[in-house]
Structure formats: structure tokens, C-alpha cells
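Below: one structure, written as C-alpha cells.
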Amino acid sequence: MLQSFGILPEFHDLFGKLHQVSQDVALSLLQSLGVDAASPEMLAQAIAARRARKLVPETSVLTFASPLDIQPAQPHLPVEIVYRWESGTTLIRRGSLDAMRCLPQKAPLGYHRIDVRCGAEQASAYLTITPDHAILPSCRMNGLAVSLYSLRSARNQGCGDFTDLKALCSWAREYLHSDFIALNPLHAIPNRQPYNTSPYLPTTTLYRNFLYLDLEAVDGCPALPSFAALREAECVEYEKVARLKLTLLRLCFRKFLRQGESPSFDVYRAKQGPSLRLFAIYQALDAAIHKAKPDVWLWQDWPAEYQHPQSPAIEDFAAKHPRTVLFYQYVQWQIDLQLAAAQKHAVESCGMKIGLYHDLALATDRSGFDAWAFRDFYAKGCRVGSPPDDFAPEGQDWSFPPPNVERHRLDGYRLFAHAIRNNCAHGGALRLDHVMRLFRLFWVPDGVKAADGAYVRDNASDLLRILALESVRNNVLIIGEDLGTITDEMRAGLHDAGILSYRLLYFERYGDGRFKHPHEYPQQALVCTTTHDLPTLAGFWTSHDIEVRKSVGLILDDAGYEQQKKQRRVDKERLLQALAETNTLMGPVDIDATALPDVVRDAVMRFLQLTPSWMFAVTQDDLTGFRDQQNMPGTTWQHPNWRHKMPVAIEDLVVTILPR
């Protein structure tokens with residue numbers, strides 16, 4: 001019954017414990033999926049409707065070898081199909097059912113429509129034709145992973161920007177021979193600290209954060225005030241930087257308007273379509289309402305007439321504030337221009353094989369633009385989380401809404417494809433945070449503890465094929481962050497789809513805790529030491545992360561603290577053993593050193609470079625010996641998450657880093 005709607009009736013957590021989904025949770029999830037399960041009879045009707053024969057599914061995502069699923073009531077009658085290609089041309093085919101199930105020869109890749117007729121039956125449907133798999137690397141490549149906001153320089157305006165990124169590309173290519181720069185998600189966020197600075201909980205995954213603009217590179221920028229205090233601040237001051245940049249961008253926009261028409265701007269707006277204009281209206285509304293009522297921060301607290309994007313009041317507002325709406329579109333255009341210039345610099349000027357490597361967040365803020373504008377594409381009455389594991393024995397509640405699987409399918413996955421396409425723009429690789437989302441997510445109904453949720457399946461084969469299509473069209477490698485609870489079936493599906501695995505040194509171990517040797521890493525993967533939620537090498541070696549967790553109250557007693565310290569020493573001994581066994585450790589090591597020994601850091605880099613994996617990345621924090629990780633899970637105001645600046649300015653990297 002449950003599996004008819006994608007709900008798995010049971011699951012194993014990371015410890016191997018079997019969890020049965022309760023009836024109450026199952027009913028809550030069915031309600032979130034829009035299924036009327038008020039009585040056994042109503043549920044039976046819903047199941048029958050789901051399983052009912054259709055002439056053709058509302059959406060088909062096929063490779064060239066896949067047959068169309070046509071099921072007419074009278075299969076002996078001839079079938080007519082009108083193919084409406086995305087180019088605007090059409091093709092009409094008629095013939096027997098078996099012949100019409102095959103796609104036409106030389107059918108183009110892309111997002112199309114079909115009209116199918118058989119006797120008195122007729123139906124229209126989405127048809128997406130995709131390649132067999134995403135593009136794969138042609139050679140081994142190495143790169144540098146950075147948090148763009150954290151870059152220091154003598155010229156930026158309080159946080160790292162696209163001009164800093166170009167300078168970093170030049171340095172990384174010349175001195176590290178880097179083929180790519182891996183970036184944090186650049187999604188638009190509210191830029192309010194401490195609760196709204198995570199790039200992994202954006203207001204939208206479609207558009208980007210203006211904080212990364214270099215104002216001096218914007219045409220018409222006036223003379224800048226001093227940003228010295230913000231540049232020299234220990235951490236990124238999101239609100240102060242955002243306020244100043246928006247003020248100056250409005251001055252640039254006024255000059256832009258005085259200059260007259262811009263064909264480039266018009267082309268950008270046309271390409272983005274209605275979603276860009278709606279995003280601009282949302283931002284203009286958010287600013288206007290907050291200015292009138294400073295205690296209103298969420299769209300759920302807006303006046304009722306503005307809480308739905310299709311409300312007539314929305315268009316009335318846009319008609320009364322056309323310049324403000326245009327301004328926010330202009331800001332996104334400026335971001336697009338500067339990001340395009342950074343990618344061009346990385347590939348054409350520096351000679352990087354990939355250039356920029358982007359990151360697509362799993363989440364979207366439940367009080368952000370995506371949840372306001374595309375609410376039908378999110379399930380109601382539940383949120384995403386994860387089952388019990390080592391880090392969270394009671395499970396995790398991530399507090400954002402899961403996708404409405406059926407709504408995405410009925411729309412031909414157009415919104416999903418739009419997000420992938422926008423995040424591929426001006427890059428050569430794209431990482432998907434928590435790639436297991438393509439197969440299933442852990443849903444937690446409202447009012448239920450995180451550990452008592454259930455897994456809900458998505459249409460993985462369709463989503464993987466769309467990823468392959470966007471990969472080929474945009475010439476972008478796809479990396480899937482597959483850390484955590486992942487099945488062999490998922491790994492095989494990702495591999496066959498050409499998605500690179502994401503392997504971290506800390507997690508690549510045998511069952512007894514020993515580190516795996518380089519030759520045991522997969523070829524179709526990116527390897528790295530750590531990620532934003534885990535300790536840096538220096539933090540790991542000095543147990544700094546454990547000390548921080550204790551100081552902010554994440555470790556509740558002395559016994560737990562001592563146990564973590566003891567386990568860390570064991571892990572360090574195991575790491576040294578693996579390094580010694582692979583002949584990558586080139587000298588003696590003091591295991592109790594209060595700083596990360598250079599010999600250990602260099603040995604780890606050599607160790608990972610010995611893997612057969614196609615891609616290797618070193619993080620900026622491991623390169624500079626920084627101890628703090630960018631995010632301490634389980635904290636907000638207790639820790640400066642997503643605000644740490646790189647300890648070394650870009651101009652000083654050669655002097656500081658290379659002597660090591």
C-alpha cells in the first residue's frame with residue numbers, strides 16, 4: 001500500500017537497526033502527498049487511480065533506446081504521435097503500436113511535447129530525450145576548494161568577490177597547477193546573521209547572492225566609500241556588507257537607466273523567463289514590507305494579499321514599482337556577467353580544464369522565495385531530516401520542506417531542470433549536495449520526532465537522466481555528495497549515470513576503523529580530506545573541533561568529552577599507520593603536537609593523490625592550516641558559522657603557502 005506512493009514501510013539506520021514506520025506516521029505522510037486516506041475505501045480509490053491505465057504517462061524521460069510507454073484500450077488500432085520538438089518544429093508519425101513505441105531516428109535531445117492518438121483516445125504529455133549518462137573526465141585533475149565569502153584581499157568590500165576569485169584562479173593555476181576551483185553554493189540568501197548566512201539553506205536555488213559582486217567592476221559605479229573596517233573584520237559581516245553594496249548598486253542602476261536600452265540585459269531577462277521577474281518582485285516586496293514593518297521578516301507574516309504569487313495584489317505591486325522590480329533583475333544580471341568573466345578567466349586566461357566548480361544545495365528555506373513562488377512543488381505538513389546516526393543518535397530535523405514528487409513529475413521536471421541549468425551556468429562542474437535526494441529523502445511529519453520519520457522515494461531514473469542531459473548540454477561534470485546512508489543500489493545508479501562519487505579521507509575506512517589505502521578508492525570519484533561540516537586537518541589533529549563542541553554545549557558531560565579525545569588519538573594513530581604503509585609519510589611525527597605538523601599535511605596530500613580517482617581537491621583551510629571548520633552542525637549563534645575568513649590574504653599566498 002505505502003509503496004504505491006513511494007513511502008518505504010521500513011528502513012535500517014546507520015547502526016543496522018530496523019525501524020518500522022508507524023500507522024500514524026504513514027497516514028501523515030500520505031496526507032502530505034495529497035492522498036485522501038481518511039478511510040480504507042478512500043485509500044483504495046487513491047491506489048486504484050494511481051495504478052489506472054493511461055494512454056501515455058504525463059511525463060516520459062527516455063534515452064534513445066527506451067520505448068515509449070503507450071497503453072491504448074484498443075492496441076490493434078494504429079497510433080498517431082505528433083512530436084513537438086523544443087526547437088519549434090514538429091514531426092507526425094503513424095503506424096502500429098509496436099512501431100510507434102520506438103523513438104524516431106535522430107530524435108533530438110531535449111525537452112519536448114507529444115500528442116498521442118489511438119482510436120477515440122488522445123493525450124498530451126511531456127517527453128524528455130536524454131543521453132545515456134553525464135560526461136566524464138578525460139584525465140585526472142586536481143583543484144582547490146574554497147568558500148568564496150571567506151577570501152581576503154587588499155581590495156575587496158568586506159567579503160570575497162568575483163574579482164578575488166579571478167585572482168585566486170591565477171594563483172592556483174600557476175602555483176598548484178589547479179584545474180578547478182570548487183566553490184560553496186552561491187545561492188541568494190537573506191544575508192542576516194547568525195540565522196540566515198548558510199549557503200546550504202538559501203532563499204532560492206535559482207539565483208545568486210549579490211554579496212559576491214565586486215562593485216568596482218560594475219559599470220557606472222561611483223567612488224566607493226572606505227570598506228577598510230569590513231575588510232579587516234575578523235569575520236564576514238553579512239548585514240553591513242549587504243547594506244552598503246545594495247546602496248551603491250542602486251546608484252549604479254540609476255546611471256544604467258540614464259544610458260538607455262541594453263540588448264544584453266534584455267537577452268538575459270528573456271532567457272530567465274518569468275521566474276526572474278517573480279524573484280525580483282519577491283525581493284522588492286520583502287524590502288518594502290520590512291521597511292514598513294521592521295519586525296516582519298517572513299513571507300508567512302506578510303499581509304494576506306501578498307502571500308500567494310498568483311494574487312492580483314502581486315501584479316498591482318509590480319505595476320506600481322516597476323523600477324524596483326527591474327533593479328533586482330539588474331542585480332542578477334550583474335552577477336551573471338561577473339561570474340561569466342570569472343569562468344572565462346579561469347579557462348581561457350589561466351588554462352584550467354574545468355574552471356569553476358559550483359555547488360547546488362539540497363535545501364531551500366521554508367520562508368524563502370522558492371517556497372513562496374513554487375509552493376505546489378513542496379510537500380506540506382512535513383520536513384526533511386535524517387534517521388539516527390553517529391552524529392545524531394535521535395535523528396536530525398533539517399526543517400525544510402521535501403519536494404512534492406508527483407507535482408514535479410506532472411510538470412515534466414521543468415523546475416528541477418531549471419535549477420540544474422542555472423547552477424551549471426559559468427562552470428565546468430556541479431556538485432549536488434546530498435545526492436541521495438534523487439532516490440529518496442527522510443520525511444518527518446510535523447509533530448513527530450526526527451527518529452520516527454520515514455523514507456519517501458523519488459523518481460531517480462528520470463532525475464538522473466535529466467542530470468545527464470544538462471551535463472552534456474552544458475559540458476559540465478556532475479559530482480554527487482554521497483556521504484551518509486547510501487545503498488549499493490544507489491551507488492550503482494549514480495555510477496551508471498556518470499555521476500562522480502564524493503569520497504572523504506575521514507570516512508574511507510574499513511569496518512574496524514582503519515583507513516583504506518589509496519588503491520581502494522573508486523576511479524569515478526572526487527577525493528578530498530574534509531568538507532564544511534567536518535574538522536579541517538589542523539582541527540582534527542589538534543582536537544580543536546572537540547574543544548569547540550564542548551565550549552558551545554554540544555558535548556554534555558566530561559565522560560563524553562574524554563571519550564571523544566581518546567577516540568581522536570586512536571584515529572590519529574590509524575591515520576599515521578595508513579600513511580606509513582603507503583610510504584607517503586616522510587619523517588617522524590609527534591602525535592601530541594599542538595599544531596598540525598607539515599609532514600602530516602603533506603603526507604595526506606600525497607596519499608590522496610595516489611588514489612585512482614579522477615578528481616582531487618584540497619581545501620583552502622587545509623592549505624593554510626586553519627583550525628576552524630566553516631560550519632559546526634548543531635549551532636547557530638553559538639559559533640560564527642559561514643563567516644570565517646581565510647587567515648591569509650590572496651596577495652600573501654605565495655609567501656605564506658609555498659615555502660611549505
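Letters for chains follow the order of the C-alpha cells (A, B, ...), residue numbers begin at 1 for each chain, and ligand numbers begin at 1 in the order shown.
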Who sits within 9 Å of Phe265 (chain A), only C-alpha atoms, same chain under 6 positions skipped, as a count of residues only: 3
Region 479-535 of chain A: residues DSSP assigns to helix (DSSP H, G or I), reported as a VMD selection string: chain A and resid 488 to 496 505 to 507 518 to 520
Would you output that residue set with N, CA and C atoms, as an mmCIF file, in the first residue's frame?
```cif
data_model
loop_
_atom_site.group_PDB
_atom_site.id
_atom_site.type_symbol
_atom_site.label_atom_id
_atom_site.label_comp_id
_atom_site.auth_asym_id
_atom_site.auth_seq_id
_atom_site.Cartn_x
_atom_site.Cartn_y
_atom_site.Cartn_z
ATOM 1 N N ASP A 488 23.823 0.124 -1.924
ATOM 2 C CA ASP A 488 24.578 -0.332 -3.094
ATOM 3 C C ASP A 488 23.823 -0.005 -4.381
ATOM 4 N N GLU A 489 22.499 -0.104 -4.318
ATOM 5 C CA GLU A 489 21.676 0.198 -5.497
ATOM 6 C C GLU A 489 21.849 1.661 -5.916
ATOM 7 N N MET A 490 21.881 2.565 -4.946
ATOM 8 C CA MET A 490 22.088 3.979 -5.257
ATOM 9 C C MET A 490 23.462 4.199 -5.882
ATOM 10 N N ARG A 491 24.479 3.613 -5.262
ATOM 11 C CA ARG A 491 25.835 3.777 -5.787
ATOM 12 C C ARG A 491 25.920 3.288 -7.236
ATOM 13 N N ALA A 492 25.290 2.160 -7.510
ATOM 14 C CA ALA A 492 25.315 1.624 -8.870
ATOM 15 C C ALA A 492 24.574 2.554 -9.829
ATOM 16 N N GLY A 493 23.433 3.090 -9.394
ATOM 17 C CA GLY A 493 22.679 4.002 -10.245
ATOM 18 C C GLY A 493 23.452 5.267 -10.561
ATOM 19 N N LEU A 494 24.122 5.820 -9.569
ATOM 20 C CA LEU A 494 24.929 7.020 -9.783
ATOM 21 C C LEU A 494 26.092 6.727 -10.723
ATOM 22 N N HIS A 495 26.736 5.595 -10.515
ATOM 23 C CA HIS A 495 27.868 5.230 -11.366
ATOM 24 C C HIS A 495 27.437 5.092 -12.820
ATOM 25 N N ASP A 496 26.334 4.375 -13.048
ATOM 26 C CA ASP A 496 25.872 4.151 -14.415
ATOM 27 C C ASP A 496 25.439 5.455 -15.092
ATOM 28 N N LEU A 505 38.579 11.499 3.067
ATOM 29 C CA LEU A 505 39.567 10.725 3.808
ATOM 30 C C LEU A 505 38.996 10.215 5.120
ATOM 31 N N TYR A 506 38.318 11.059 5.876
ATOM 32 C CA TYR A 506 37.831 10.673 7.198
ATOM 33 C C TYR A 506 36.878 9.481 7.150
ATOM 34 N N PHE A 507 36.129 9.338 6.070
ATOM 35 C CA PHE A 507 35.080 8.323 6.003
ATOM 36 C C PHE A 507 35.496 7.045 5.271
ATOM 37 N N PRO A 518 44.982 4.016 -0.735
ATOM 38 C CA PRO A 518 44.584 4.766 -1.940
ATOM 39 C C PRO A 518 44.026 3.908 -3.058
ATOM 40 N N HIS A 519 44.602 2.724 -3.302
ATOM 41 C CA HIS A 519 44.147 1.918 -4.447
ATOM 42 C C HIS A 519 42.723 1.416 -4.270
ATOM 43 N N GLU A 520 42.170 1.532 -3.054
ATOM 44 C CA GLU A 520 40.808 1.057 -2.808
ATOM 45 C C GLU A 520 39.749 2.134 -3.050
#
```
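The protein and nucleic acid residues lying at most 7 Å from region 196-206 of chain A are Pro185, Leu186, His187, Ala188, Ile189, Pro190, Asn191, Arg192, Gln193, Pro194, Ala361, Ala363, Thr364, Asp365, Gly368, Phe369, Asp370, Ala419, Asn422 and Trp642 of chain A, with only C-alpha atoms considered and sequence neighbours fewer than 2 positions away removed.
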Between CA of His532 (chain A) and CA of Gln630 (chain A) - distance in Å to one decimal: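 Pair CA of Gln630 (chain A) / CA of His532 (chain A) returns 5.1 Å.
The shortest atom-to-atom distance to Met605 (chain A), with only C-alpha atoms taken into account, belongs to A:Thr529 out of A:Leu298, A:Val655, A:His517, A:Thr529.
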Selection near region 246-261 of chain A, 8 Å with only C-alpha atoms, sequence-local residues under 3 positions removed, as a ChimeraX atom specification: /A:215,218-222,242-243,327,330-331
Once you have the residues from the selection above, write them out as a CSV table (one decimal), in the first residue's frame, restricted to all heavy atoms.
```csv
chain,number,residue,atom,x,y,z
A,215,LEU,N,31.9,45.7,-6.7
A,215,LEU,CA,31.3,46.9,-7.1
A,215,LEU,C,32.1,47.7,-8.1
A,215,LEU,O,31.6,48.3,-9.0
A,215,LEU,CB,31.0,47.8,-5.9
A,215,LEU,CG,29.9,47.2,-4.9
A,215,LEU,CD1,29.8,48.2,-3.7
A,215,LEU,CD2,28.6,47.0,-5.5
A,218,VAL,N,31.4,47.0,-11.7
A,218,VAL,CA,30.1,47.3,-12.2
A,218,VAL,C,30.1,48.6,-13.0
A,218,VAL,O,30.6,49.6,-12.4
A,218,VAL,CB,29.0,47.3,-11.1
A,218,VAL,CG1,27.6,47.7,-11.7
A,218,VAL,CG2,28.9,46.0,-10.3
A,219,ASP,N,29.7,48.6,-14.2
A,219,ASP,CA,29.7,49.8,-15.0
A,219,ASP,C,28.9,50.9,-14.3
A,219,ASP,O,27.8,50.7,-13.8
A,219,ASP,CB,29.1,49.6,-16.4
A,219,ASP,CG,30.0,48.8,-17.3
A,219,ASP,OD1,31.2,48.8,-17.0
A,219,ASP,OD2,29.5,48.3,-18.3
A,220,GLY,N,29.5,52.1,-14.2
A,220,GLY,CA,28.8,53.2,-13.6
A,220,GLY,C,28.9,53.3,-12.1
A,220,GLY,O,28.2,54.1,-11.5
A,221,CYS,N,29.8,52.5,-11.5
A,221,CYS,CA,29.9,52.5,-10.1
A,221,CYS,C,30.6,53.8,-9.6
A,221,CYS,O,31.6,54.3,-10.2
A,221,CYS,CB,30.8,51.4,-9.6
A,221,CYS,SG,31.1,51.3,-7.8
A,222,PRO,N,30.0,54.5,-8.6
A,222,PRO,CA,30.6,55.7,-8.1
A,222,PRO,C,31.8,55.4,-7.3
A,222,PRO,O,32.1,54.3,-7.0
A,222,PRO,CB,29.4,56.3,-7.2
A,222,PRO,CG,28.7,55.1,-6.8
A,222,PRO,CD,28.7,54.1,-7.9
A,242,ALA,N,26.1,43.8,3.0
A,242,ALA,CA,24.9,43.8,2.1
A,242,ALA,C,24.3,45.1,2.0
A,242,ALA,O,23.9,45.6,0.9
A,242,ALA,CB,23.9,42.7,2.6
A,243,ARG,N,24.2,45.8,3.1
A,243,ARG,CA,23.5,47.1,3.1
A,243,ARG,C,24.3,48.1,2.3
A,243,ARG,O,23.7,48.9,1.5
A,243,ARG,CB,23.4,47.6,4.6
A,243,ARG,CG,22.6,48.9,4.7
A,243,ARG,CD,22.5,49.3,6.2
A,243,ARG,NE,22.1,48.2,7.1
A,243,ARG,CZ,22.8,47.7,8.0
A,243,ARG,NH1,24.0,48.1,8.2
A,243,ARG,NH2,22.4,46.7,8.8
A,327,PHE,N,15.3,46.7,-10.9
A,327,PHE,CA,16.6,46.8,-10.2
A,327,PHE,C,17.0,45.4,-9.8
A,327,PHE,O,18.2,45.1,-10.0
A,327,PHE,CB,16.5,47.7,-9.0
A,327,PHE,CG,17.6,47.6,-8.1
A,327,PHE,CD1,18.9,48.1,-8.4
A,327,PHE,CD2,17.4,47.0,-6.8
A,327,PHE,CE1,19.9,48.0,-7.5
A,327,PHE,CE2,18.5,46.9,-5.9
A,327,PHE,CZ,19.8,47.4,-6.3
A,330,TYR,N,18.3,43.5,-12.6
A,330,TYR,CA,19.6,44.1,-13.0
A,330,TYR,C,20.7,43.5,-12.1
A,330,TYR,O,21.8,43.2,-12.6
A,330,TYR,CB,19.5,45.6,-12.9
A,330,TYR,CG,20.8,46.4,-12.8
A,330,TYR,CD1,21.5,46.7,-14.0
A,330,TYR,CD2,21.4,46.7,-11.6
A,330,TYR,CE1,22.7,47.5,-13.9
A,330,TYR,CE2,22.6,47.4,-11.5
A,330,TYR,CZ,23.2,47.8,-12.7
A,330,TYR,OH,24.4,48.5,-12.6
A,331,VAL,N,20.4,43.4,-10.8
A,331,VAL,CA,21.5,42.9,-9.9
A,331,VAL,C,21.8,41.4,-10.3
A,331,VAL,O,23.0,41.1,-10.3
A,331,VAL,CB,20.9,42.9,-8.4
A,331,VAL,CG1,21.9,42.1,-7.5
A,331,VAL,CG2,20.8,44.4,-8.0
```
Pro633 (chain A) surroundings by only C-alpha atoms, 9 Å radius, close-in-sequence under 5 positions cut, as JSON, numbers by chain: {"A": [533, 534, 641]}
Within 12 Å of Ser551 (chain A) using only C-alpha atoms, minus same-chain residues under 4 positions, as a list in words: His544, Asp545, Ile546, Glu547, Ile555, Leu556, Asp557, Asp558, Tyr561, Met632, Thr635, Gln638 and His639 of chain A
Output file for the residues above (N, CA and C atoms, as a compact mmCIF listing (two decimals), in the first residue's frame):
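New file again-v4.txt:
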```
# COMPACT_ATOMS: atom_id res chain seq x y z
N HIS A 544 40.73 20.40 17.93
CA HIS A 544 40.10 21.71 18.11
C HIS A 544 38.59 21.62 17.96
N ASP A 545 38.13 20.78 17.05
CA ASP A 545 36.68 20.64 16.87
C ASP A 545 36.01 20.09 18.12
N ILE A 546 36.69 19.19 18.81
CA ILE A 546 36.13 18.64 20.05
C ILE A 546 36.05 19.73 21.11
N GLU A 547 37.09 20.55 21.18
CA GLU A 547 37.09 21.64 22.16
C GLU A 547 35.97 22.64 21.86
N ILE A 555 28.80 18.86 23.67
CA ILE A 555 29.24 17.73 24.49
C ILE A 555 28.77 18.01 25.90
N LEU A 556 27.94 17.15 26.44
CA LEU A 556 27.20 17.49 27.65
C LEU A 556 27.89 17.10 28.94
N ASP A 557 28.87 16.20 28.89
CA ASP A 557 29.50 15.79 30.15
C ASP A 557 30.97 15.50 29.93
N ASP A 558 31.71 15.43 31.03
CA ASP A 558 33.16 15.20 30.97
C ASP A 558 33.47 13.81 30.41
N TYR A 561 33.32 13.97 26.69
CA TYR A 561 34.47 14.74 26.21
C TYR A 561 35.72 13.86 26.20
N MET A 632 29.73 24.46 12.19
CA MET A 632 29.67 23.50 13.29
C MET A 632 28.21 23.04 13.40
N THR A 635 24.79 24.23 15.74
CA THR A 635 24.94 25.56 16.32
C THR A 635 24.43 26.62 15.35
N GLN A 638 25.90 30.28 18.54
CA GLN A 638 27.00 29.87 19.42
C GLN A 638 28.35 29.86 18.70
N HIS A 639 28.34 29.86 17.37
CA HIS A 639 29.58 29.68 16.60
C HIS A 639 29.47 30.51 15.33
```
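Using only C-alpha atoms, the shortest contact distance between Asp161 (chain A) and any of A:Ala73, A:Val241, A:Val618, A:Val82 is found at A:Val241.
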Proximity to Ala167 (chain A) - best of A:Gln343, A:Pro67, A:Val548, A:Asp115, only C-alpha atoms: A:Gln343
Shortest interatomic distance to Ile289 (chain A) - which of A:Leu27, A:Pro647, A:Phe317, A:Gly539, counting only C-alpha atoms: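 Between A:Leu27, A:Pro647, A:Phe317, A:Gly539, the residue approaching Ile289 (chain A) most closely is A:Phe317.
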Nearest residue to Tyr328 (chain A) from the set A:Glu348, A:Ala287, A:Ile47, A:Ala313 (distances using only C-alpha atoms): A:Ala287
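Taking CA of Ala37 (chain A) and CA of Ser461 (chain A) as the two end points, the separation is 27.9 Å.
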Within 12 Å of Leu91 (chain A) using only C-alpha atoms, minus same-chain residues under 5 positions, as an MDAnalysis selection string: chainID A and resid 80:86 103:108 112:115
Output N, CA, C and O atoms for every residue in that selection, as a CSV table (one decimal), in the first residue's frame.
```csv
chain,number,residue,atom,x,y,z
A,80,GLU,N,-1.1,7.4,-33.7
A,80,GLU,CA,-0.5,8.6,-34.3
A,80,GLU,C,0.1,9.4,-33.2
A,80,GLU,O,-0.4,9.6,-32.1
A,81,ILE,N,1.4,9.9,-33.5
A,81,ILE,CA,2.1,10.7,-32.5
A,81,ILE,C,2.6,11.9,-33.2
A,81,ILE,O,3.2,11.9,-34.2
A,82,VAL,N,2.3,13.1,-32.6
A,82,VAL,CA,2.8,14.4,-33.1
A,82,VAL,C,3.9,14.8,-32.1
A,82,VAL,O,3.6,15.0,-30.9
A,83,TYR,N,5.1,14.8,-32.6
A,83,TYR,CA,6.3,15.3,-31.8
A,83,TYR,C,6.4,16.8,-31.9
A,83,TYR,O,6.6,17.3,-33.0
A,84,ARG,N,6.3,17.5,-30.9
A,84,ARG,CA,6.5,18.9,-30.9
A,84,ARG,C,7.9,19.2,-30.2
A,84,ARG,O,8.0,19.3,-29.0
A,85,TRP,N,8.9,19.3,-31.1
A,85,TRP,CA,10.3,19.5,-30.6
A,85,TRP,C,10.5,20.8,-29.9
A,85,TRP,O,9.8,21.8,-30.3
A,86,GLU,N,11.4,20.9,-29.0
A,86,GLU,CA,11.6,22.2,-28.3
A,86,GLU,C,12.1,23.3,-29.3
A,86,GLU,O,12.0,24.5,-29.0
A,103,LEU,N,11.3,5.5,-30.5
A,103,LEU,CA,11.5,6.9,-30.8
A,103,LEU,C,12.0,7.1,-32.2
A,103,LEU,O,12.6,6.2,-32.8
A,104,PRO,N,11.7,8.2,-32.8
A,104,PRO,CA,12.1,8.4,-34.2
A,104,PRO,C,13.6,8.4,-34.3
A,104,PRO,O,14.4,8.8,-33.4
A,105,GLN,N,14.1,8.0,-35.4
A,105,GLN,CA,15.6,8.0,-35.7
A,105,GLN,C,16.0,9.5,-35.7
A,105,GLN,O,15.3,10.4,-36.2
A,106,LYS,N,17.2,9.8,-35.1
A,106,LYS,CA,17.7,11.1,-35.0
A,106,LYS,C,16.8,12.1,-34.2
A,106,LYS,O,16.8,13.3,-34.4
A,107,ALA,N,16.0,11.5,-33.3
A,107,ALA,CA,15.3,12.4,-32.4
A,107,ALA,C,16.2,13.2,-31.6
A,107,ALA,O,17.2,12.8,-31.1
A,108,PRO,N,16.0,14.5,-31.5
A,108,PRO,CA,16.9,15.4,-30.8
A,108,PRO,C,16.8,15.3,-29.3
A,108,PRO,O,15.7,15.1,-28.7
A,112,HIS,N,10.6,18.1,-24.9
A,112,HIS,CA,9.7,18.2,-26.0
A,112,HIS,C,8.2,17.9,-25.4
A,112,HIS,O,8.0,17.7,-24.2
A,113,ARG,N,7.3,18.0,-26.3
A,113,ARG,CA,5.9,17.6,-26.0
A,113,ARG,C,5.4,16.6,-27.1
A,113,ARG,O,5.9,16.6,-28.3
A,114,ILE,N,4.5,15.7,-26.7
A,114,ILE,CA,3.9,14.8,-27.7
A,114,ILE,C,2.4,14.8,-27.5
A,114,ILE,O,1.9,14.9,-26.4
A,115,ASP,N,1.7,14.6,-28.7
A,115,ASP,CA,0.3,14.4,-28.7
A,115,ASP,C,0.1,13.0,-29.3
A,115,ASP,O,0.6,12.7,-30.4
```
Determine, for each residue of region 102-213 of chain A having at least one atom at most 10 Å from an atom of region 427-441 of chain A, the closest pair of atoms and their separation in Å to one decimal, counting only C-alpha atoms; order by chain and ascending number, as a Markdown table.
```
| residue | atom | partner | partner_atom | distance |
| --- | --- | --- | --- | --- |
| A:Phe180 | CA | A:Gly428 | CA | 8.2 |
| A:Ile181 | CA | A:Ala429 | CA | 9.6 |
| A:Ala182 | CA | A:Ala429 | CA | 8.4 |
| A:Leu183 | CA | A:Arg431 | CA | 9.4 |
| A:Asn184 | CA | A:Arg431 | CA | 9.6 |
| A:Pro185 | CA | A:Arg431 | CA | 9.2 |
| A:Tyr200 | CA | A:Asp433 | CA | 8.5 |
```
